[in-house]
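Structure file upload.cif with mmCIF, C-alpha atoms (C1' of nucleotides):
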```cif
data_query
#
loop_
_atom_site.label_atom_id
_atom_site.label_comp_id
_atom_site.auth_asym_id
_atom_site.auth_seq_id
_atom_site.Cartn_x
_atom_site.Cartn_y
_atom_site.Cartn_z
CA MET E 10 16.51 -3.05 11.50
CA ILE E 11 12.99 -2.17 10.55
CA GLU E 12 11.71 -0.88 13.89
CA THR E 13 14.72 1.35 14.29
CA LEU E 14 14.20 2.73 10.82
CA LEU E 15 10.63 3.72 11.66
CA LYS E 16 11.62 5.34 14.93
CA LYS E 17 14.43 7.22 13.26
CA HIS E 18 11.95 8.83 10.94
CA SER E 19 9.52 9.58 13.78
CA LEU E 20 6.88 7.12 12.69
CA ARG E 21 4.94 5.02 15.17
CA ILE E 22 5.48 1.31 15.07
CA THR E 23 2.41 -0.42 13.70
CA LYS E 24 1.69 -3.71 12.02
CA VAL E 25 0.98 -2.18 8.58
CA ARG E 26 4.15 -0.14 8.60
CA MET E 27 6.32 -3.05 9.67
CA SER E 28 4.87 -5.32 6.98
CA ILE E 29 5.07 -2.82 4.16
CA LEU E 30 8.55 -1.63 5.06
CA ASP E 31 9.68 -5.23 5.21
CA CYS E 32 8.25 -5.74 1.74
CA PHE E 33 10.46 -2.98 0.39
CA ALA E 34 13.49 -4.25 2.25
CA GLN E 35 13.08 -7.69 0.66
CA SER E 36 12.48 -6.40 -2.84
CA ASP E 37 15.16 -5.40 -5.32
CA THR E 38 12.67 -3.60 -7.54
CA ALA E 39 10.39 -0.63 -7.07
CA LEU E 40 6.90 -1.49 -5.85
CA SER E 41 3.56 0.08 -6.67
CA HIS E 42 0.51 0.37 -4.49
CA SER E 43 -1.09 -2.57 -6.28
CA ASP E 44 1.99 -4.74 -5.76
CA ILE E 45 1.60 -4.17 -2.04
CA GLU E 46 -2.15 -4.55 -2.10
CA LEU E 47 -1.87 -7.93 -3.78
CA GLN E 48 0.03 -9.21 -0.79
CA PHE E 49 -1.97 -7.63 1.99
CA SER E 50 -5.48 -7.02 0.65
CA ASN E 51 -7.17 -9.26 3.21
CA GLU E 52 -5.03 -7.95 6.01
CA PHE E 53 -5.06 -4.17 5.52
CA ASP E 54 -7.39 -1.68 3.92
CA ARG E 55 -6.31 -0.15 0.63
CA VAL E 56 -6.68 3.38 2.01
CA THR E 57 -4.32 2.47 4.82
CA ILE E 58 -1.78 1.23 2.32
CA TYR E 59 -2.02 4.49 0.38
CA ARG E 60 -1.58 6.47 3.57
CA THR E 61 1.35 4.35 4.66
CA LEU E 62 3.12 4.85 1.35
CA ASN E 63 2.51 8.57 1.56
CA SER E 64 3.90 8.89 5.06
CA PHE E 65 6.96 6.86 4.11
CA LEU E 66 7.44 9.19 1.16
CA GLU E 67 7.00 12.27 3.26
CA LYS E 68 9.35 11.11 6.01
CA GLY E 69 12.08 10.15 3.56
CA LEU E 70 11.92 6.36 3.83
CA LEU E 71 10.82 5.91 0.24
CA HIS E 72 11.24 7.83 -2.97
CA LYS E 73 8.93 7.91 -5.94
CA VAL E 74 10.16 6.33 -9.12
CA PRO E 75 8.99 7.98 -12.33
CA ASP E 76 7.48 5.84 -15.00
CA ASP E 77 5.80 6.50 -18.32
CA SER E 78 2.88 4.27 -17.36
CA GLY E 79 1.49 6.70 -14.83
CA ILE E 80 1.29 4.36 -11.86
CA ALA E 81 3.35 5.42 -8.87
CA ARG E 82 6.16 3.13 -7.83
CA PHE E 83 8.30 3.46 -4.74
CA ALA E 84 11.69 2.28 -3.58
CA LEU E 85 13.71 2.58 -0.40
CA CYS E 86 15.95 5.60 0.01
CA GLN E 87 19.57 4.66 0.40
CA HIS E 88 20.85 7.91 1.80
CA ASP E 89 19.75 9.66 4.94
CA CYS E 90 16.65 11.28 3.61
CA ASN E 91 14.19 12.92 5.94
CA GLU E 92 11.06 15.02 5.75
CA HIS E 93 13.12 18.06 4.79
CA GLN E 94 15.49 16.63 2.25
CA HIS E 95 15.50 13.91 -0.37
CA TYR E 96 18.63 12.69 -2.14
CA ASP E 97 17.27 10.47 -4.85
CA ASN E 98 18.94 11.79 -7.98
CA HIS E 99 19.94 8.47 -9.37
CA VAL E 100 19.31 6.31 -12.40
CA HIS E 101 16.26 4.08 -12.75
CA PHE E 102 15.94 1.27 -15.21
CA LYS E 103 12.61 -0.10 -16.40
CA CYS E 104 12.48 -3.35 -18.31
CA ASP E 105 10.11 -3.25 -21.28
CA LYS E 106 9.52 -6.98 -21.02
CA CYS E 107 8.96 -7.72 -17.33
CA SER E 108 8.07 -4.11 -16.39
CA LYS E 109 10.26 -4.27 -13.30
CA VAL E 110 11.94 -1.08 -12.21
CA GLN E 111 15.35 -1.08 -10.55
CA CYS E 112 17.29 1.70 -8.86
CA PHE E 113 20.96 2.27 -9.61
CA HIS E 114 22.01 4.19 -6.56
CA ASP E 115 25.64 4.15 -7.57
CA ILE E 116 25.27 5.70 -10.98
CA ALA E 117 25.22 9.46 -10.72
CA ILE E 118 23.45 11.58 -13.29
CA PRO E 119 25.89 13.75 -15.23
CA THR E 120 25.39 17.49 -15.15
CA ILE E 121 23.48 18.71 -18.16
CA PRO E 122 24.85 21.74 -19.92
CA GLY E 123 22.41 24.24 -21.37
CA LEU E 124 20.12 24.75 -18.39
CA ASN E 125 22.22 27.48 -16.82
CA GLU E 126 19.43 29.93 -16.24
CA TYR E 127 17.22 27.38 -14.50
CA ILE E 128 17.30 26.61 -10.79
CA ILE E 129 17.62 22.86 -10.51
CA HIS E 130 16.18 20.93 -7.57
CA SER E 131 16.43 17.37 -8.80
CA SER E 132 17.15 15.22 -11.84
CA GLN E 133 15.80 11.79 -12.54
CA LEU E 134 16.92 9.60 -15.36
CA LEU E 135 14.69 6.80 -16.54
CA VAL E 136 16.34 4.30 -18.85
CA GLN E 137 14.14 1.74 -20.57
CA GLY E 138 15.16 -1.43 -22.32
CA VAL E 139 15.65 -5.09 -21.53
CA CYS E 140 17.06 -6.23 -18.23
CA ILE E 141 19.64 -8.97 -17.86
CA GLU E 142 17.17 -11.64 -16.79
CA CYS E 143 14.87 -10.99 -19.73
CA GLN E 144 17.71 -11.31 -22.22
CA GLU E 145 18.28 -14.95 -21.44
CA MET F 22 1.13 22.54 -42.18
CA ILE F 23 -1.26 20.63 -39.97
CA GLU F 24 -3.23 18.77 -42.61
CA THR F 25 -0.04 17.60 -44.26
CA LEU F 26 1.27 16.38 -40.95
CA LEU F 27 -1.83 14.26 -40.38
CA LYS F 28 -1.70 12.78 -43.88
CA LYS F 29 1.99 12.04 -43.52
CA HIS F 30 1.23 9.89 -40.51
CA SER F 31 -1.70 8.19 -42.24
CA LEU F 32 -4.37 9.74 -40.07
CA ARG F 33 -7.68 10.94 -41.47
CA ILE F 34 -8.36 14.62 -41.41
CA THR F 35 -11.05 15.43 -38.90
CA LYS F 36 -12.06 18.45 -36.87
CA VAL F 37 -10.88 17.03 -33.53
CA ARG F 38 -7.50 16.11 -34.86
CA MET F 39 -6.96 19.46 -36.54
CA SER F 40 -7.91 21.36 -33.38
CA ILE F 41 -5.86 19.26 -30.98
CA LEU F 42 -2.81 19.16 -33.21
CA ASP F 43 -3.05 22.91 -33.60
CA CYS F 44 -3.12 23.22 -29.82
CA PHE F 45 0.19 21.40 -29.55
CA ALA F 46 1.70 23.41 -32.39
CA GLN F 47 0.84 26.65 -30.57
CA SER F 48 2.05 25.51 -27.18
CA ASP F 49 5.63 25.64 -25.97
CA THR F 50 4.91 23.32 -23.05
CA ALA F 51 3.71 19.74 -22.79
CA LEU F 52 -0.07 19.36 -22.52
CA SER F 53 -2.16 16.87 -20.59
CA HIS F 54 -5.54 15.46 -21.45
CA SER F 55 -7.18 17.88 -19.04
CA ASP F 56 -5.41 20.88 -20.58
CA ILE F 57 -6.98 19.93 -23.88
CA GLU F 58 -10.33 19.11 -22.38
CA LEU F 59 -10.53 22.53 -20.75
CA GLN F 60 -10.41 24.12 -24.18
CA PHE F 61 -12.69 21.77 -26.05
CA SER F 62 -15.05 20.20 -23.52
CA ASN F 63 -18.19 21.59 -25.13
CA GLU F 64 -16.96 20.81 -28.60
CA PHE F 65 -15.59 17.28 -28.30
CA ASP F 66 -16.22 14.29 -26.08
CA ARG F 67 -13.54 13.42 -23.53
CA VAL F 68 -13.27 9.88 -24.84
CA THR F 69 -12.58 11.25 -28.30
CA ILE F 70 -9.82 13.42 -26.89
CA TYR F 71 -8.24 10.41 -25.19
CA ARG F 72 -8.45 8.43 -28.40
CA THR F 73 -6.99 11.26 -30.42
CA LEU F 74 -4.04 11.60 -28.06
CA ASN F 75 -3.45 7.87 -28.24
CA SER F 76 -3.47 7.73 -32.01
CA PHE F 77 -1.11 10.71 -32.18
CA LEU F 78 1.18 8.88 -29.77
CA GLU F 79 0.98 5.67 -31.72
CA LYS F 80 1.60 7.30 -35.08
CA GLY F 81 4.59 9.25 -33.82
CA LEU F 82 3.14 12.76 -33.81
CA LEU F 83 3.39 13.14 -30.04
CA HIS F 84 5.60 11.70 -27.35
CA LYS F 85 4.74 11.12 -23.74
CA VAL F 86 6.50 13.24 -21.17
CA PRO F 87 7.23 11.54 -17.87
CA ASP F 88 6.24 13.26 -14.70
CA ASP F 89 6.25 12.36 -11.04
CA SER F 90 2.66 13.47 -10.70
CA GLY F 91 1.27 10.56 -12.63
CA ILE F 92 -0.78 12.49 -15.15
CA ALA F 93 0.21 11.93 -18.75
CA ARG F 94 1.52 14.91 -20.67
CA PHE F 95 2.31 15.03 -24.35
CA ALA F 96 4.41 17.14 -26.67
CA LEU F 97 5.08 17.24 -30.40
CA CYS F 98 7.84 15.06 -31.76
CA GLN F 99 10.51 17.06 -33.47
CA HIS F 100 12.13 14.31 -35.43
CA ASP F 101 10.55 12.08 -37.99
CA CYS F 102 8.89 9.64 -35.66
CA ASN F 103 6.41 7.12 -36.98
CA GLU F 104 4.45 4.17 -35.69
CA HIS F 105 7.57 2.02 -35.74
CA GLN F 106 10.14 4.30 -34.24
CA HIS F 107 10.28 7.08 -31.70
CA TYR F 108 13.25 9.38 -31.21
CA ASP F 109 12.40 11.27 -28.08
CA ASN F 110 15.47 10.80 -25.94
CA HIS F 111 15.78 14.35 -24.82
CA VAL F 112 15.68 16.41 -21.65
CA HIS F 113 12.43 17.56 -20.03
CA PHE F 114 12.21 20.31 -17.46
CA LYS F 115 9.32 20.62 -15.02
CA CYS F 116 8.90 23.82 -13.02
CA ASP F 117 8.01 23.17 -9.39
CA LYS F 118 6.19 26.50 -9.20
CA CYS F 119 4.07 26.75 -12.34
CA SER F 120 4.10 22.99 -13.08
CA LYS F 121 4.77 23.59 -16.75
CA VAL F 122 6.85 21.03 -18.58
CA GLN F 123 9.18 22.00 -21.40
CA CYS F 124 11.09 19.88 -23.88
CA PHE F 125 14.72 20.55 -24.64
CA HIS F 126 15.10 18.84 -27.94
CA ASP F 127 18.62 20.14 -28.39
CA ILE F 128 20.10 18.79 -25.20
CA ALA F 129 21.20 15.21 -25.65
CA ILE F 130 21.35 12.84 -22.73
CA PRO F 131 24.90 11.70 -22.03
CA THR F 132 25.61 8.00 -22.16
CA ILE F 133 25.47 6.43 -18.74
CA PRO F 134 28.32 4.12 -17.84
CA GLY F 135 27.53 1.06 -15.77
CA LEU F 136 24.59 -0.34 -17.71
CA ASN F 137 26.67 -2.31 -20.16
CA GLU F 138 24.80 -5.53 -19.79
CA TYR F 139 21.42 -3.97 -20.39
CA ILE F 140 19.81 -3.43 -23.78
CA ILE F 141 18.79 0.20 -23.88
CA HIS F 142 15.80 1.37 -25.90
CA SER F 143 15.35 4.89 -24.61
CA SER F 144 16.48 7.33 -21.94
CA GLN F 145 14.47 10.18 -20.55
CA LEU F 146 15.81 12.78 -18.21
CA LEU F 147 13.41 14.77 -16.10
CA VAL F 148 14.91 17.83 -14.45
CA GLN F 149 12.82 19.67 -11.87
CA GLY F 150 13.36 23.11 -10.47
CA VAL F 151 12.30 26.68 -11.16
CA CYS F 152 11.90 27.97 -14.70
CA ILE F 153 13.13 31.36 -15.86
CA GLU F 154 9.72 33.03 -15.76
CA CYS F 155 9.04 31.90 -12.20
CA GLN F 156 12.36 33.28 -10.96
CA GLU F 157 11.37 36.88 -11.68
"C1'" DA B 21 -21.82 13.45 -57.60
"C1'" DT B 22 -22.93 8.85 -55.59
"C1'" DT B 23 -21.90 5.07 -53.30
"C1'" DA B 24 -19.58 1.62 -50.42
"C1'" DA B 25 -16.09 0.45 -47.04
"C1'" DA B 26 -13.48 1.66 -43.30
"C1'" DT B 27 -12.55 4.72 -39.78
"C1'" DT B 28 -13.97 7.99 -36.28
"C1'" DT B 29 -17.13 9.98 -33.03
"C1'" DG B 30 -20.30 10.33 -28.99
"C1'" DC B 31 -22.61 8.11 -25.45
"C1'" DA B 32 -23.05 5.03 -21.60
"C1'" DA B 33 -20.89 2.27 -18.63
"C1'" DC B 34 -17.05 0.64 -16.37
"C1'" DA B 35 -12.23 -0.10 -14.06
"C1'" DC B 36 -8.39 1.67 -11.74
"C1'" DT B 37 -5.84 5.02 -8.92
"C1'" DG B 38 -5.92 8.00 -5.35
"C1'" DT B 39 -8.12 11.18 -1.68
"C1'" DT B 40 -11.16 12.89 2.26
"C1'" DG B 41 -14.13 12.78 6.53
"C1'" DC B 42 -15.24 10.53 10.41
"C1'" DA B 43 -15.73 7.22 14.17
"C1'" DA B 44 -13.35 3.50 16.45
"C1'" DG B 45 -8.98 1.56 17.69
"C1'" DT B 46 -4.04 1.67 18.98
"C1'" DA B 47 0.80 3.41 20.33
"C1'" DA B 48 3.58 5.97 23.34
"C1'" DG B 49 4.73 8.75 27.11
"C1'" DA B 50 3.39 10.60 31.73
"C1'" DT O 28 -2.86 2.80 34.08
"C1'" DC O 29 -4.47 6.64 31.82
"C1'" DT O 30 -4.47 10.29 28.57
"C1'" DT O 31 -3.33 12.24 24.29
"C1'" DA O 32 -2.19 12.06 19.80
"C1'" DC O 33 -1.85 9.36 15.97
"C1'" DT O 34 -3.46 5.52 13.05
"C1'" DT O 35 -6.82 2.51 11.02
"C1'" DG O 36 -11.04 0.96 8.48
"C1'" DC O 37 -15.13 2.15 6.27
"C1'" DA O 38 -17.91 4.74 3.12
"C1'" DA O 39 -18.05 7.90 -0.22
"C1'" DC O 40 -16.08 10.49 -3.69
"C1'" DA O 41 -12.99 12.60 -7.56
"C1'" DG O 42 -9.93 12.07 -11.39
"C1'" DT O 43 -7.88 9.41 -15.13
"C1'" DG O 44 -8.33 6.31 -18.60
"C1'" DT O 45 -10.67 2.29 -21.29
"C1'" DT O 46 -14.26 -0.55 -23.84
"C1'" DG O 47 -18.52 -1.69 -26.62
"C1'" DC O 48 -21.68 -0.19 -29.68
"C1'" DA O 49 -24.55 2.50 -32.83
"C1'" DA O 50 -24.51 6.67 -35.57
"C1'" DA O 51 -21.84 9.85 -38.24
"C1'" DT O 52 -18.04 11.05 -41.14
"C1'" DT O 53 -13.94 10.45 -44.11
"C1'" DT O 54 -11.97 8.46 -48.01
"C1'" DA O 55 -11.48 6.27 -52.20
"C1'" DA O 56 -13.76 4.16 -56.03
"C1'" DT O 57 -17.37 4.32 -59.33
#
```

Could you show the structure in this file as structure tokens?
Amino acid sequence: MIETLLKKHSLRITKVRMSILDCFAQSDTALSHSDIELQFSNEFDRVTIYRTLNSFLEKGLLHKVPDDSGIARFALCQHDCNEHQHYDNHVHFKCDKCSKVQCFHDIAIPTIPGLNEYIIHSSQLLVQGVCIECQE
Amino acid sequence: MIETLLKKHSLRITKVRMSILDCFAQSDTALSHSDIELQFSNEFDRVTIYRTLNSFLEKGLLHKVPDDSGIARFALCQHDCNEHQHYDNHVHFKCDKCSKVQCFHDIAIPTIPGLNEYIIHSSQLLVQGVCIECQE
DNA sequence: ATTAAATTTGCAACACTGTTGCAAGTAAGA
DNA sequence: TCTTACTTGCAACAGTGTTGCAAATTTAAT
């Protein structure tokens, strides 16, 4: 439940946070600031939306999804992330036709040989192509 | 040679293009617009730099390096890319300390099982951590 | 070397994304 | 209920990237 989720991450329960978190819970794709703003522009200030996304990110409710376009997209964390640790090393798929970005939480990224001397914190794999819906 | 490279990709030989392409040839890390602008701000207009980067991208001289920060970085293509085809499915490493991004052209990205129904155009792996220089 | 056509450059202006400071408003615990 | 700490909205700003247009430059053809 959404309220519990906020409390668990030590965030106060407010209208903006409930609405935006609900948005992510409903969506099966990663959402950008502008996606959110489209829905709530006459309800909440854009700065508030930015700040909400940032606190969700910081507290481990959301993770950032990389993208060649430059705009930041976010998706719900599936594991127990918190402000100290993020576990979001999974595969992302971006459709070149509809531009939607999906997370594949179940597909682990294989270990890459050849980076032995580097200390590795995280790996993110972005696959681009055509999603199932856009093939039809 | 730089002039040959421009001609090969059907780009006219101009001062901006020579200078910027040379910059990339010298550098072992990916460069952003602002990296370039720092060097040439009193010589070339920022719009011209943006346009130069875009034509290099389009003609297959450079590829875009993904990054969670949102700013676009570019690096030289190693294979024979052109305006129709890009072969830049390799590993990128970003150092969390110095923020430099390196390409590992030699490390191929393993095939990911579980995306069978998707048409895949490209895969980019971004590994973050601490580079060798920053460990010392 | 001259010329003509096409491309490139610089400038001004603009749009979008994201951040900061501050005063007013709200949530949560005593 | 009251107090404290956090959150929100507003205004202003900074950075990144794009577009239109006139002037300059490259290129290829004479």

So that I can see what lies close to DT29 in chain B, please list as a PyMOL selection string the residues with an atom at most 9 Å from it, counting all atoms listed in the file and leaving out residues fewer than 5 positions away in the same chain.
(chain F and resi 65-66+69) or (chain O and resi 50-52)

Applied to the shown file, which residues does the PyMOL selection byres ((chain O) within 10 of (chain F)) return, written as a PyMOL selection string?
chain O and resi 42-45+52-54

Atomic distance CA of Gly138 in chain E - CA of Gly135 in chain F, expressed in Å with one decimal:
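Straight-line distance from CA of Gly138 in chain E to CA of Gly135 in chain F works out to 14.2 Å.
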
Within 10 Å of chain E, which residues of chain F show up when using all atoms listed in the file, listed as an MDAnalysis selection string?
chainID F and resid 85:94 110 112:117 125 127:156

Report as a list in words the residues that result from applying the PyMOL selection byres ((chain B) within 10 of (chain E)) to the structure here.
DT37, DG38, DT39, DT46, DA47 and DA48 of chain B

Convert the output of the PyMOL selection byres ((chain O and resi 37) around 10) on the shown file into explicit residues, formatted as a PyMOL selection string.
(chain E and resi 54+56) or (chain B and resi 42-43) or (chain O and resi 35-36+38-39)

Kindly give the distance, in Å, that separates CA of Arg38 in chain F and C1' of DA24 in chain B, rounded to a single decimal.
24.5 Å

Just the number, please: distance in Å from CA of Leu40 in chain E to CA of Ala84 in chain E, one decimal.
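CA of Ala84 in chain E lies at a distance of 6.5 Å from CA of Leu40 in chain E.
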
Here is a test: counting all atoms listed in the file, which residue of E:Cys107, E:Leu15, E:Leu70, E:Asp89 is nearest to Met27 in chain E?
E:Leu15
